[in-house]
>>> print(open('entry-v6.tsv').read())   # TSV, C-alpha atoms and all ligand atoms
chain	number	residue	atom	x	y	z
Y	1	MET	CA	-97.07	-29.93	40.05
Y	2	ILE	CA	-96.90	-26.76	37.95
Y	3	VAL	CA	-93.87	-24.50	38.34
Y	4	GLN	CA	-93.96	-20.75	37.56
Y	5	LEU	CA	-91.45	-18.91	35.38
Y	6	GLU	CA	-89.52	-16.18	37.17
Y	7	ASN	CA	-90.30	-12.54	36.31
Y	8	GLU	CA	-86.99	-11.96	34.63
Y	9	ILE	CA	-87.67	-14.65	32.06
Y	10	GLN	CA	-91.22	-13.36	31.58
Y	11	ASN	CA	-89.80	-9.92	30.67
Y	12	GLN	CA	-87.36	-11.53	28.28
Y	13	ILE	CA	-90.32	-13.08	26.43
Y	14	ALA	CA	-92.24	-9.74	26.26
Y	15	GLU	CA	-89.24	-8.06	24.65
Y	16	GLN	CA	-88.98	-10.77	22.05
Y	17	ASN	CA	-92.64	-10.16	21.07
Y	18	GLN	CA	-91.85	-6.55	20.13
Y	19	THR	CA	-89.54	-7.56	17.34
Y	20	ALA	CA	-92.28	-9.75	15.87
Y	21	ILE	CA	-94.12	-6.96	13.98
Y	22	ASN	CA	-90.90	-6.03	12.17
Y	23	GLU	CA	-90.56	-9.61	11.11
Y	24	VAL	CA	-94.10	-9.55	9.65
Y	25	LEU	CA	-93.53	-6.29	7.77
Y	26	SER	CA	-90.15	-7.14	6.34
Y	27	GLY	CA	-91.56	-10.44	5.05
Y	28	LEU	CA	-94.36	-8.62	3.21
Y	29	LEU	CA	-91.92	-6.15	1.65
Y	30	GLN	CA	-89.82	-8.84	-0.05
Y	31	ARG	CA	-90.14	-9.63	-3.74
Y	32	GLN	CA	-91.55	-13.06	-2.91
Y	33	LYS	CA	-93.82	-12.04	-0.04
Y	34	GLU	CA	-93.60	-14.20	3.07
Y	35	LEU	CA	-95.26	-14.46	6.46
Y	36	PRO	CA	-93.81	-16.13	9.58
Y	37	CYS	CA	-95.52	-19.46	10.19
Y	38	LYS	CA	-95.84	-19.03	13.95
Y	39	TYR	CA	-98.96	-16.90	13.33
Y	40	PHE	CA	-100.86	-20.00	12.27
Y	41	TYR	CA	-101.49	-20.92	15.87
Y	42	ASP	CA	-104.18	-18.77	17.44
Y	43	LYS	CA	-107.16	-20.52	19.06
Y	44	ARG	CA	-108.86	-21.25	15.72
Y	45	GLY	CA	-105.53	-22.20	14.13
Y	46	ALA	CA	-104.79	-24.68	16.89
Y	47	GLU	CA	-108.24	-26.28	16.41
Y	48	LEU	CA	-107.75	-26.48	12.65
Y	49	PHE	CA	-104.27	-27.94	13.05
Y	50	ASP	CA	-105.62	-30.69	15.29
Y	51	GLU	CA	-108.17	-31.39	12.54
Y	52	ILE	CA	-105.37	-31.56	9.94
Y	53	CYS	CA	-103.61	-34.17	12.07
Y	54	GLU	CA	-106.70	-36.42	11.79
Y	55	LEU	CA	-107.17	-36.06	8.00
Y	56	PRO	CA	-106.84	-39.22	5.91
Y	57	GLU	CA	-104.37	-37.47	3.57
Y	58	TYR	CA	-102.19	-36.18	6.41
Y	59	TYR	CA	-100.20	-39.36	7.09
Y	60	LEU	CA	-97.55	-37.62	9.24
Y	61	THR	CA	-99.21	-37.53	12.68
Y	62	ARG	CA	-100.69	-41.00	12.39
Y	63	THR	CA	-97.37	-42.51	11.31
Y	64	GLU	CA	-95.31	-40.72	13.93
Y	65	LEU	CA	-97.75	-41.83	16.63
Y	66	GLU	CA	-97.47	-45.43	15.41
Y	67	ILE	CA	-93.64	-45.24	15.58
Y	68	MET	CA	-93.82	-43.72	19.07
Y	69	LYS	CA	-96.15	-46.47	20.31
Y	70	LYS	CA	-93.98	-49.21	18.85
Y	71	TYR	CA	-90.56	-47.92	19.91
Y	72	ALA	CA	-91.13	-45.71	22.98
Y	73	GLY	CA	-89.32	-48.34	25.09
Y	74	GLU	CA	-86.20	-48.19	22.93
Y	75	MET	CA	-86.35	-44.39	22.95
Y	76	ALA	CA	-86.56	-44.40	26.75
Y	77	ASP	CA	-83.51	-46.69	26.89
Y	78	CYS	CA	-81.54	-44.20	24.81
Y	79	ILE	CA	-82.63	-41.34	27.09
Y	80	GLY	CA	-82.09	-43.01	30.47
Y	81	PRO	CA	-83.52	-42.16	33.93
Y	82	ARG	CA	-84.36	-38.77	35.53
Y	83	ALA	CA	-84.17	-36.71	32.35
Y	84	ALA	CA	-85.64	-33.24	31.96
Y	85	VAL	CA	-87.75	-33.15	28.78
Y	86	ILE	CA	-88.06	-29.83	26.95
Y	87	GLU	CA	-90.60	-29.87	24.14
Y	88	TYR	CA	-90.48	-27.41	21.24
Y	89	GLY	CA	-94.02	-26.66	20.03
Y	90	SER	CA	-95.81	-29.00	22.41
Y	91	GLY	CA	-99.27	-28.51	20.82
Y	92	SER	CA	-101.84	-30.90	22.25
Y	93	ALA	CA	-99.02	-33.17	23.54
Y	94	VAL	CA	-100.49	-36.50	22.41
Y	95	LYS	CA	-97.12	-38.04	21.50
Y	96	THR	CA	-95.55	-36.56	24.64
Y	97	GLN	CA	-97.83	-38.63	26.79
Y	98	ILE	CA	-96.48	-41.81	25.19
Y	99	LEU	CA	-92.90	-40.66	25.72
Y	100	LEU	CA	-93.39	-39.61	29.36
Y	101	GLN	CA	-95.15	-42.90	30.08
Y	102	ALA	CA	-92.17	-44.86	28.76
Y	103	LEU	CA	-89.46	-42.80	30.47
Y	104	ASP	CA	-87.86	-43.87	33.74
Y	105	LYS	CA	-88.70	-41.22	36.38
Y	106	PRO	CA	-88.57	-38.08	34.21
Y	107	SER	CA	-87.60	-35.18	36.50
Y	108	LEU	CA	-89.10	-32.18	34.71
Y	109	TYR	CA	-91.23	-31.44	31.65
Y	110	VAL	CA	-90.98	-28.04	29.93
Y	111	PRO	CA	-93.65	-27.63	27.23
Y	112	MET	CA	-93.00	-24.60	24.99
Y	113	ASP	CA	-95.70	-23.31	22.69
Y	114	ILE	CA	-96.70	-20.09	20.99
Y	115	SER	CA	-100.38	-20.85	21.62
Y	116	ALA	CA	-101.68	-20.14	25.14
Y	117	GLU	CA	-104.70	-22.35	24.48
Y	118	TYR	CA	-102.58	-25.34	23.54
Y	119	LEU	CA	-100.33	-24.81	26.54
Y	120	GLU	CA	-103.15	-24.54	29.03
Y	121	TYR	CA	-104.83	-27.64	27.64
Y	122	SER	CA	-101.70	-29.81	27.57
Y	123	VAL	CA	-100.52	-28.76	31.03
Y	124	ARG	CA	-103.91	-29.53	32.52
Y	125	LYS	CA	-104.00	-32.91	30.79
Y	126	LEU	CA	-100.43	-33.94	31.66
Y	127	SER	CA	-100.57	-32.81	35.29
Y	128	ARG	CA	-103.61	-35.07	35.66
Y	129	HIS	CA	-101.80	-38.04	34.09
Y	130	PHE	CA	-98.46	-37.46	35.80
Y	131	PRO	CA	-99.27	-35.88	39.18
Y	132	HIS	CA	-95.67	-36.22	40.46
Y	133	LEU	CA	-93.98	-34.75	37.41
Y	134	GLN	CA	-92.80	-31.13	37.66
Y	135	ILE	CA	-94.16	-29.16	34.71
Y	136	LEU	CA	-92.78	-25.75	33.72
Y	137	PRO	CA	-94.90	-24.28	30.91
Y	138	VAL	CA	-93.30	-21.64	28.69
Y	139	GLN	CA	-95.49	-19.62	26.35
Y	140	GLY	CA	-93.42	-18.23	23.51
Y	141	ASP	CA	-91.41	-18.90	20.39
Y	142	PHE	CA	-89.04	-21.82	20.88
Y	143	THR	CA	-86.55	-20.31	18.43
Y	144	ASP	CA	-85.83	-17.62	21.07
Y	145	TYR	CA	-83.19	-19.20	23.27
Y	146	LEU	CA	-84.14	-19.53	26.92
Y	147	ASN	CA	-81.59	-20.45	29.51
Y	148	LEU	CA	-83.34	-23.16	31.47
Y	149	ALA	CA	-80.30	-24.06	33.59
Y	150	PRO	CA	-81.83	-22.80	36.91
Y	151	TYR	CA	-84.70	-25.24	36.49
Y	152	THR	CA	-82.85	-28.31	35.30
Y	153	ARG	CA	-80.23	-28.55	38.07
Y	154	TRP	CA	-81.72	-31.76	39.46
Y	155	ALA	CA	-82.05	-33.56	36.16
Y	156	SER	CA	-79.52	-36.17	35.06
Y	157	LYS	CA	-79.60	-34.71	31.53
Y	158	LYS	CA	-81.65	-32.50	29.23
Y	159	ILE	CA	-83.56	-33.95	26.31
Y	160	ILE	CA	-85.26	-31.80	23.71
Y	161	TYR	CA	-88.34	-33.42	22.21
Y	162	PHE	CA	-89.27	-31.98	18.82
Y	163	PRO	CA	-91.91	-34.10	17.07
Y	164	GLY	CA	-94.27	-33.28	14.17
Y	165	SER	CA	-91.52	-32.74	11.58
Y	166	THR	CA	-91.55	-29.08	12.56
Y	167	ILE	CA	-87.80	-29.00	11.83
Y	168	GLY	CA	-88.95	-29.35	8.19
Y	169	ASN	CA	-90.61	-25.93	8.46
Y	170	PHE	CA	-87.16	-24.29	8.67
Y	171	ARG	CA	-84.92	-23.63	5.69
Y	172	PRO	CA	-81.65	-25.59	5.82
Y	173	ALA	CA	-79.60	-22.70	7.28
Y	174	ALA	CA	-82.27	-21.94	9.90
Y	175	ALA	CA	-82.70	-25.64	10.66
Y	176	LYS	CA	-78.97	-25.88	11.31
Y	177	ARG	CA	-79.14	-22.78	13.52
Y	178	LEU	CA	-82.02	-24.31	15.50
Y	179	LEU	CA	-80.15	-27.60	15.88
Y	180	ARG	CA	-77.14	-25.61	17.13
Y	181	GLN	CA	-79.42	-23.89	19.66
Y	182	MET	CA	-80.65	-27.31	20.84
Y	183	PHE	CA	-77.04	-28.46	21.06
Y	184	THR	CA	-76.30	-25.56	23.43
Y	185	GLN	CA	-79.53	-25.96	25.37
Y	186	CYS	CA	-79.28	-29.70	26.01
Y	187	GLY	CA	-75.68	-29.44	27.25
Y	188	PRO	CA	-73.00	-32.17	27.33
Y	189	GLY	CA	-74.58	-35.60	27.67
Y	190	GLY	CA	-77.97	-34.27	26.55
Y	191	GLY	CA	-79.85	-35.18	23.42
Y	192	VAL	CA	-82.65	-34.52	20.97
Y	193	LEU	CA	-85.56	-36.76	20.00
Y	194	ILE	CA	-86.87	-35.38	16.73
Y	195	GLY	CA	-89.55	-36.36	14.16
Y	196	VAL	CA	-88.63	-35.93	10.50
Y	197	ASP	CA	-90.90	-36.52	7.53
Y	198	LEU	CA	-89.32	-38.45	4.67
Y	199	LEU	CA	-89.16	-37.71	0.96
Y	200	LYS	CA	-91.79	-39.52	-1.10
Y	201	GLU	CA	-94.00	-39.31	-4.18
Y	202	LYS	CA	-95.14	-35.82	-5.16
Y	203	ARG	CA	-98.79	-36.92	-5.36
Y	204	ILE	CA	-98.83	-38.11	-1.73
Y	205	LEU	CA	-96.94	-35.06	-0.47
Y	206	GLU	CA	-99.22	-32.57	-2.21
Y	207	ALA	CA	-102.39	-34.33	-1.01
Y	208	ALA	CA	-101.13	-34.09	2.59
Y	209	TYR	CA	-101.06	-30.28	2.29
Y	210	ASN	CA	-104.14	-29.85	0.12
Y	211	ASP	CA	-106.80	-32.12	1.57
Y	212	SER	CA	-110.13	-32.73	-0.14
Y	213	ARG	CA	-112.14	-31.27	2.75
Y	214	GLY	CA	-110.29	-27.96	2.55
Y	215	VAL	CA	-109.16	-27.95	6.20
Y	216	THR	CA	-105.56	-27.07	5.28
Y	217	ALA	CA	-106.85	-24.24	3.07
Y	218	GLU	CA	-108.87	-22.87	5.99
Y	219	PHE	CA	-105.84	-23.24	8.28
Y	220	ASN	CA	-103.63	-21.33	5.85
Y	221	LEU	CA	-106.22	-18.56	5.35
Y	222	ASN	CA	-106.75	-18.23	9.12
Y	223	LEU	CA	-103.22	-16.82	9.31
Y	224	LEU	CA	-104.53	-13.59	7.76
Y	225	GLN	CA	-107.37	-13.34	10.28
Y	226	HIS	CA	-104.92	-13.87	13.12
Y	227	LEU	CA	-102.68	-11.07	11.85
Y	228	ASN	CA	-105.73	-8.80	11.69
Y	229	ASP	CA	-106.50	-9.64	15.32
Y	230	VAL	CA	-102.94	-9.10	16.55
Y	231	TYR	CA	-101.78	-6.14	14.44
Y	232	GLY	CA	-105.03	-4.56	13.25
Y	233	SER	CA	-104.23	-5.22	9.59
Y	234	ASP	CA	-107.15	-5.43	7.16
Y	235	PHE	CA	-106.53	-8.62	5.18
Y	236	ASN	CA	-109.67	-10.00	3.57
Y	237	SER	CA	-109.18	-13.75	3.75
Y	238	GLN	CA	-111.83	-14.23	1.04
Y	239	ALA	CA	-109.59	-12.37	-1.39
Y	240	PHE	CA	-106.91	-15.12	-1.22
Y	241	ARG	CA	-106.77	-18.83	-2.01
Y	242	HIS	CA	-104.63	-21.68	-0.69
Y	243	ARG	CA	-102.04	-23.39	-2.89
Y	244	ALA	CA	-99.62	-26.22	-2.05
Y	245	VAL	CA	-96.91	-27.48	-4.44
Y	246	PHE	CA	-93.99	-29.85	-4.06
Y	247	ASN	CA	-90.73	-28.28	-5.22
Y	248	SER	CA	-88.53	-31.29	-5.93
Y	249	ARG	CA	-85.40	-29.25	-6.60
Y	250	GLN	CA	-85.48	-27.96	-3.03
Y	251	SER	CA	-87.17	-31.05	-1.62
Y	252	ARG	CA	-89.95	-29.09	0.03
Y	253	VAL	CA	-93.70	-28.59	-0.06
Y	254	GLU	CA	-94.46	-24.88	-0.44
Y	255	MET	CA	-97.67	-23.38	0.90
Y	256	TYR	CA	-98.93	-20.12	-0.55
Y	257	LEU	CA	-101.80	-17.69	-0.19
Y	258	VAL	CA	-102.59	-16.35	-3.64
Y	259	SER	CA	-104.24	-12.96	-4.13
Y	260	LEU	CA	-107.38	-13.37	-6.25
Y	261	TYR	CA	-107.14	-9.84	-7.66
Y	262	ALA	CA	-105.20	-6.58	-7.35
Y	263	GLN	CA	-105.57	-5.25	-3.81
Y	264	THR	CA	-104.02	-3.12	-1.10
Y	265	VAL	CA	-103.71	-4.22	2.51
Y	266	ALA	CA	-102.97	-1.89	5.42
Y	267	ILE	CA	-100.73	-3.31	8.10
Y	268	TRP	CA	-99.35	-1.27	11.00
Y	269	ASP	CA	-98.28	2.00	9.34
Y	270	ARG	CA	-97.68	0.51	5.89
Y	271	LEU	CA	-99.66	-0.30	2.76
Y	272	VAL	CA	-98.85	-3.54	0.98
Y	273	PHE	CA	-99.86	-3.96	-2.67
Y	274	PHE	CA	-100.81	-7.23	-4.33
Y	275	LYS	CA	-100.98	-7.90	-8.07
Y	276	PRO	CA	-103.58	-10.43	-9.27
Y	277	ASN	CA	-102.19	-13.95	-8.57
Y	278	GLU	CA	-99.34	-12.58	-6.50
Y	279	SER	CA	-98.56	-15.01	-3.69
Y	280	ILE	CA	-97.41	-14.98	-0.08
Y	281	LEU	CA	-95.23	-17.94	0.90
Y	282	THR	CA	-96.59	-18.95	4.29
Y	283	GLU	CA	-94.85	-22.24	4.98
Y	284	CYS	CA	-92.25	-24.63	3.63
Y	285	SER	CA	-92.12	-28.24	4.69
Y	286	TYR	CA	-88.76	-29.79	3.82
Y	287	LYS	CA	-88.60	-33.51	3.23
Y	288	TYR	CA	-85.43	-35.41	4.09
Y	289	SER	CA	-83.98	-38.84	3.55
Y	290	ILE	CA	-82.68	-40.59	6.66
Y	291	THR	CA	-79.13	-39.96	5.46
Y	292	SER	CA	-79.64	-36.31	4.54
Y	293	PHE	CA	-81.11	-35.59	7.97
Y	294	LYS	CA	-78.30	-37.43	9.76
Y	295	ARG	CA	-75.84	-35.29	7.82
Y	296	LEU	CA	-77.60	-32.09	8.96
Y	297	ALA	CA	-77.54	-33.29	12.58
Y	298	GLN	CA	-73.85	-34.16	12.37
Y	299	GLN	CA	-73.05	-30.76	10.88
Y	300	SER	CA	-74.64	-29.27	14.01
Y	301	GLY	CA	-72.34	-31.27	16.29
Y	302	PHE	CA	-74.60	-34.20	17.18
Y	303	THR	CA	-74.03	-37.92	16.90
Y	304	ALA	CA	-76.98	-39.56	15.14
Y	305	GLN	CA	-77.33	-42.39	17.65
Y	306	ALA	CA	-80.56	-44.10	16.62
Y	307	VAL	CA	-83.38	-43.83	14.11
Y	308	TRP	CA	-86.84	-45.44	13.98
Y	309	ALA	CA	-89.23	-45.51	11.02
Y	310	ASP	CA	-92.47	-47.18	9.95
Y	311	ALA	CA	-92.40	-50.17	7.59
Y	312	ASN	CA	-93.12	-47.98	4.53
Y	313	HIS	CA	-90.42	-45.49	5.47
Y	314	SER	CA	-92.80	-42.54	5.32
Y	315	PHE	CA	-91.66	-40.94	8.59
Y	316	SER	CA	-88.64	-41.13	10.89
Y	317	ILE	CA	-87.75	-40.32	14.49
Y	318	HIS	CA	-84.07	-39.70	15.27
Y	319	PHE	CA	-82.26	-39.71	18.56
Y	320	LEU	CA	-79.34	-37.28	18.42
Y	321	ASN	CA	-76.79	-37.34	21.15
Y	322	ARG	CA	-74.48	-34.55	22.30
Y	323	PRO	CA	-71.23	-36.25	23.30
Y	401	LIG	N1	-94.99	-29.38	10.68
Y	401	LIG	C1	-96.17	-29.57	9.88
Y	401	LIG	C2	-95.75	-30.04	8.50
Y	401	LIG	O1	-94.85	-29.52	7.91
Y	401	LIG	C3	-96.96	-28.27	9.81
Y	401	LIG	C4	-98.12	-28.26	8.84
Y	401	LIG	C5	-98.94	-29.26	8.50
Y	401	LIG	C6	-98.60	-27.16	8.11
Y	401	LIG	N2	-99.88	-28.85	7.61
Y	401	LIG	C7	-99.69	-27.58	7.36
Y	401	LIG	C8	-98.21	-25.86	8.02
Y	401	LIG	C9	-100.36	-26.72	6.52
Y	401	LIG	C10	-98.90	-25.01	7.18
Y	401	LIG	C11	-99.96	-25.42	6.43
Y	401	LIG	O2	-96.31	-31.01	8.01
>>> encode(input="entry-v6.tsv", output="structure tokens")
Amino acid sequence: MIVQLENEIQNQIAEQNQTAINEVLSGLLQRQKELPCKYFYDKRGAELFDEICELPEYYLTRTELEIMKKYAGEMADCIGPRAAVIEYGSGSAVKTQILLQALDKPSLYVPMDISAEYLEYSVRKLSRHFPHLQILPVQGDFTDYLNLAPYTRWASKKIIYFPGSTIGNFRPAAAKRLLRQMFTQCGPGGGVLIGVDLLKEKRILEAAYNDSRGVTAEFNLNLLQHLNDVYGSDFNSQAFRHRAVFNSRQSRVEMYLVSLYAQTVAIWDRLVFFKPNESILTECSYKYSITSFKRLAQQSGFTAQAVWADANHSFSIHFLNRP
């Protein structure tokens, strides 16, 4: 059963979109140029990301799925019956299906995603698998706080599901801010089930973000095409190359688009200049230890109640509880 968002909330989302262009421009005017990572996910980007998840080098999805399959029962015990599940960046919702299957009478599922294609696909799929579950799709940026209280009245508690180690794509201060937002959104007695990639050898980390088939490179470069489509900029994606490096000091993989030569790009009413080899930082993927992530969660007010990992300790899933 698919539930519709009320008009008022729809308007709230439209307003938030207007500030997005400013975000793009201010990023490109910094000394180290940057672009917001949410622009990765247009139709092509979503397809490429699904391909990344299947790559032999990209161990994250495979490992998280394995942990979900093995421990979904324990996760469901932590969550309890009649929970409302809110998912940040629901994507193709493969792991969600495992979670919903294991849960005892979930009362509502709220998938949130920036990509309309992803959302449409996952809602269609899940409403087929769970015909009695209420589904409230929200297209937008999950970092914009939405008050979902009117929809979750009947739920015993609110659980935010945030898999994929997407929390790693936020810098520590922003990650803490997002965890604080989840703390507010899930309310007293609520919780967060969150996937977090773990720190490991540089060689393995860099391969995961620079695969031999070049899918990640294509995914990164597609960001420029998407910006052209949305804002009418004139990036030439053939004039940039993909680069991924592990920065051990900051414990993060950094993804760049590197300008092959000197060039000027028009975006909105501005011109942006690039020197040869000048880079745009498009994404960071922070890697945590189990302890360093627990510390971050505790600093945001949560109790780190449970954690599951694979035998090699390459990936972890935490259950955080709001007392
Ligand atoms: N959350 C994913 C990660 O950090 C996102 C991701 C995977 C990604 N591969 C990427 C983002 C390549 C940009 C480029 O692993």
>>> atom_distance(input="entry-v6.tsv", atom1="atom CA of Tyr58 of chain Y", atom2="atom CA of Ser314 of chain Y")
11.4 Å
>>> residues_near_point(input="entry-v6.tsv", point="(-98.9, -38.3, 19.7)", cutoff="9 Å", atoms="all atoms listed in the file", output="tab-separated table (two decimals) with C-alpha atoms, in the frame of the given file")
chain	number	residue	atom	x	y	z
Y	61	THR	CA	-99.21	-37.53	12.68
Y	62	ARG	CA	-100.69	-41.00	12.39
Y	64	GLU	CA	-95.31	-40.72	13.93
Y	65	LEU	CA	-97.75	-41.83	16.63
Y	66	GLU	CA	-97.47	-45.43	15.41
Y	68	MET	CA	-93.82	-43.72	19.07
Y	69	LYS	CA	-96.15	-46.47	20.31
Y	92	SER	CA	-101.84	-30.90	22.25
Y	93	ALA	CA	-99.02	-33.17	23.54
Y	94	VAL	CA	-100.49	-36.50	22.41
Y	95	LYS	CA	-97.12	-38.04	21.50
Y	96	THR	CA	-95.55	-36.56	24.64
Y	97	GLN	CA	-97.83	-38.63	26.79
Y	98	ILE	CA	-96.48	-41.81	25.19
Y	99	LEU	CA	-92.90	-40.66	25.72
Y	163	PRO	CA	-91.91	-34.10	17.07
Y	164	GLY	CA	-94.27	-33.28	14.17
>>> residues_near_ligand(input="entry-v6.tsv", ligand="ligand LIG 401 (chain Y)", cutoff="6 Å", atoms="all atoms listed in the file", output="VMD selection string")
chain Y and resid 164 to 166 168 to 169 209 216 220 283 285
>>> closest_residue(input="entry-v6.tsv", among="Y:Leu178, Y:Ala155, Y:Val110, Y:Ala208", to="Val123 of chain Y", atoms="only C-alpha atoms")
Y:Val110
>>> atom_distance(input="entry-v6.tsv", atom1="atom CA of Lys158 of chain Y", atom2="atom CA of Cys78 of chain Y")
12.5 Å
>>> closest_residue(input="entry-v6.tsv", among="Y:Gly214, Y:Pro106, Y:Gly140, Y:Pro56", to="Gly80 of chain Y", atoms="all atoms listed in the file")
Y:Pro106
>>> closest_residue(input="entry-v6.tsv", among="Y:His226, Y:Arg249, Y:Arg177, Y:Lys287", to="Asp42 of chain Y", atoms="only C-alpha atoms")
Y:His226
>>> residues_around(input="entry-v6.tsv", residues="Gly91 of chain Y", least_positions_apart="4", cutoff="12 Å", atoms="only C-alpha atoms", output="ChimeraX atom specification")
/Y:41-43,45-50,53,87,95-97,111-123,125,137,139,162-164,166
>>> residues_around(input="entry-v6.tsv", residues="Leu281 of chain Y", least_positions_apart="4", cutoff="7 Å", atoms="all atoms listed in the file", output="list in words")
Lys33, Glu34, Leu35, Met255, Tyr256 and Leu257 of chain Y
>>> residues_near_point(input="entry-v6.tsv", point="(-80.8, -39.1, 6.0)", cutoff="12 Å", atoms="only C-alpha atoms", output="PyMOL selection string")
chain Y and resi 196-199+287-298+304+306-309+313+315-318
>>> axis_aligned_box(input="entry-v6.tsv", around="segment 52-60 of chain Y", padding_each_side="5 Å", output="lines of an AutoDock Vina configuration file")
center_x = -102.4
center_y = -35.5
center_z = 7.8
size_x = 19.6
size_y = 17.8
size_z = 18.5
>>> build_atoms(input="entry-v6.tsv", residues="segment 136-154 of chain Y", atoms="N, CA and C atoms", output="mmCIF file, keeping the file's coordinate frame")
data_model
loop_
_atom_site.group_PDB
_atom_site.id
_atom_site.type_symbol
_atom_site.label_atom_id
_atom_site.label_comp_id
_atom_site.auth_asym_id
_atom_site.auth_seq_id
_atom_site.Cartn_x
_atom_site.Cartn_y
_atom_site.Cartn_z
ATOM 1 N N LEU Y 136 -93.101 -27.172 33.817
ATOM 2 C CA LEU Y 136 -92.780 -25.750 33.720
ATOM 3 C C LEU Y 136 -93.206 -25.241 32.348
ATOM 4 N N PRO Y 137 -94.433 -24.707 32.226
ATOM 5 C CA PRO Y 137 -94.900 -24.280 30.910
ATOM 6 C C PRO Y 137 -94.257 -22.959 30.484
ATOM 7 N N VAL Y 138 -93.882 -22.862 29.224
ATOM 8 C CA VAL Y 138 -93.300 -21.640 28.690
ATOM 9 C C VAL Y 138 -94.077 -21.222 27.441
ATOM 10 N N GLN Y 139 -94.780 -20.082 27.533
ATOM 11 C CA GLN Y 139 -95.490 -19.620 26.350
ATOM 12 C C GLN Y 139 -94.583 -18.699 25.558
ATOM 13 N N GLY Y 140 -94.290 -19.052 24.332
ATOM 14 C CA GLY Y 140 -93.420 -18.230 23.510
ATOM 15 C C GLY Y 140 -92.900 -19.006 22.319
ATOM 16 N N ASP Y 141 -91.984 -18.364 21.610
ATOM 17 C CA ASP Y 141 -91.410 -18.900 20.390
ATOM 18 C C ASP Y 141 -90.166 -19.709 20.769
ATOM 19 N N PHE Y 142 -90.179 -20.979 20.439
ATOM 20 C CA PHE Y 142 -89.040 -21.820 20.880
ATOM 21 C C PHE Y 142 -87.735 -21.490 20.156
ATOM 22 N N THR Y 143 -87.801 -20.684 19.093
ATOM 23 C CA THR Y 143 -86.550 -20.310 18.430
ATOM 24 C C THR Y 143 -85.809 -19.211 19.207
ATOM 25 N N ASP Y 144 -86.511 -18.580 20.183
ATOM 26 C CA ASP Y 144 -85.830 -17.620 21.070
ATOM 27 C C ASP Y 144 -85.195 -18.422 22.196
ATOM 28 N N TYR Y 145 -83.902 -18.364 22.284
ATOM 29 C CA TYR Y 145 -83.190 -19.200 23.270
ATOM 30 C C TYR Y 145 -83.520 -18.799 24.698
ATOM 31 N N LEU Y 146 -83.908 -19.768 25.488
ATOM 32 C CA LEU Y 146 -84.140 -19.530 26.920
ATOM 33 C C LEU Y 146 -83.142 -20.349 27.709
ATOM 34 N N ASN Y 147 -82.512 -19.714 28.668
ATOM 35 C CA ASN Y 147 -81.590 -20.450 29.510
ATOM 36 C C ASN Y 147 -82.381 -21.127 30.623
ATOM 37 N N LEU Y 148 -82.516 -22.426 30.513
ATOM 38 C CA LEU Y 148 -83.340 -23.160 31.470
ATOM 39 C C LEU Y 148 -82.520 -23.766 32.605
ATOM 40 N N ALA Y 149 -81.210 -23.442 32.612
ATOM 41 C CA ALA Y 149 -80.300 -24.060 33.590
ATOM 42 C C ALA Y 149 -80.819 -23.998 35.039
ATOM 43 N N PRO Y 150 -81.396 -22.845 35.507
ATOM 44 C CA PRO Y 150 -81.830 -22.800 36.910
ATOM 45 C C PRO Y 150 -82.897 -23.837 37.242
ATOM 46 N N TYR Y 151 -83.599 -24.321 36.226
ATOM 47 C CA TYR Y 151 -84.700 -25.240 36.490
ATOM 48 C C TYR Y 151 -84.306 -26.708 36.312
ATOM 49 N N THR Y 152 -83.175 -26.927 35.652
ATOM 50 C CA THR Y 152 -82.850 -28.310 35.300
ATOM 51 C C THR Y 152 -81.690 -28.871 36.137
ATOM 52 N N ARG Y 153 -81.338 -28.135 37.194
ATOM 53 C CA ARG Y 153 -80.230 -28.550 38.070
ATOM 54 C C ARG Y 153 -80.331 -30.002 38.538
ATOM 55 N N TRP Y 154 -81.555 -30.444 38.830
ATOM 56 C CA TRP Y 154 -81.720 -31.760 39.460
ATOM 57 C C TRP Y 154 -81.842 -32.886 38.450
#
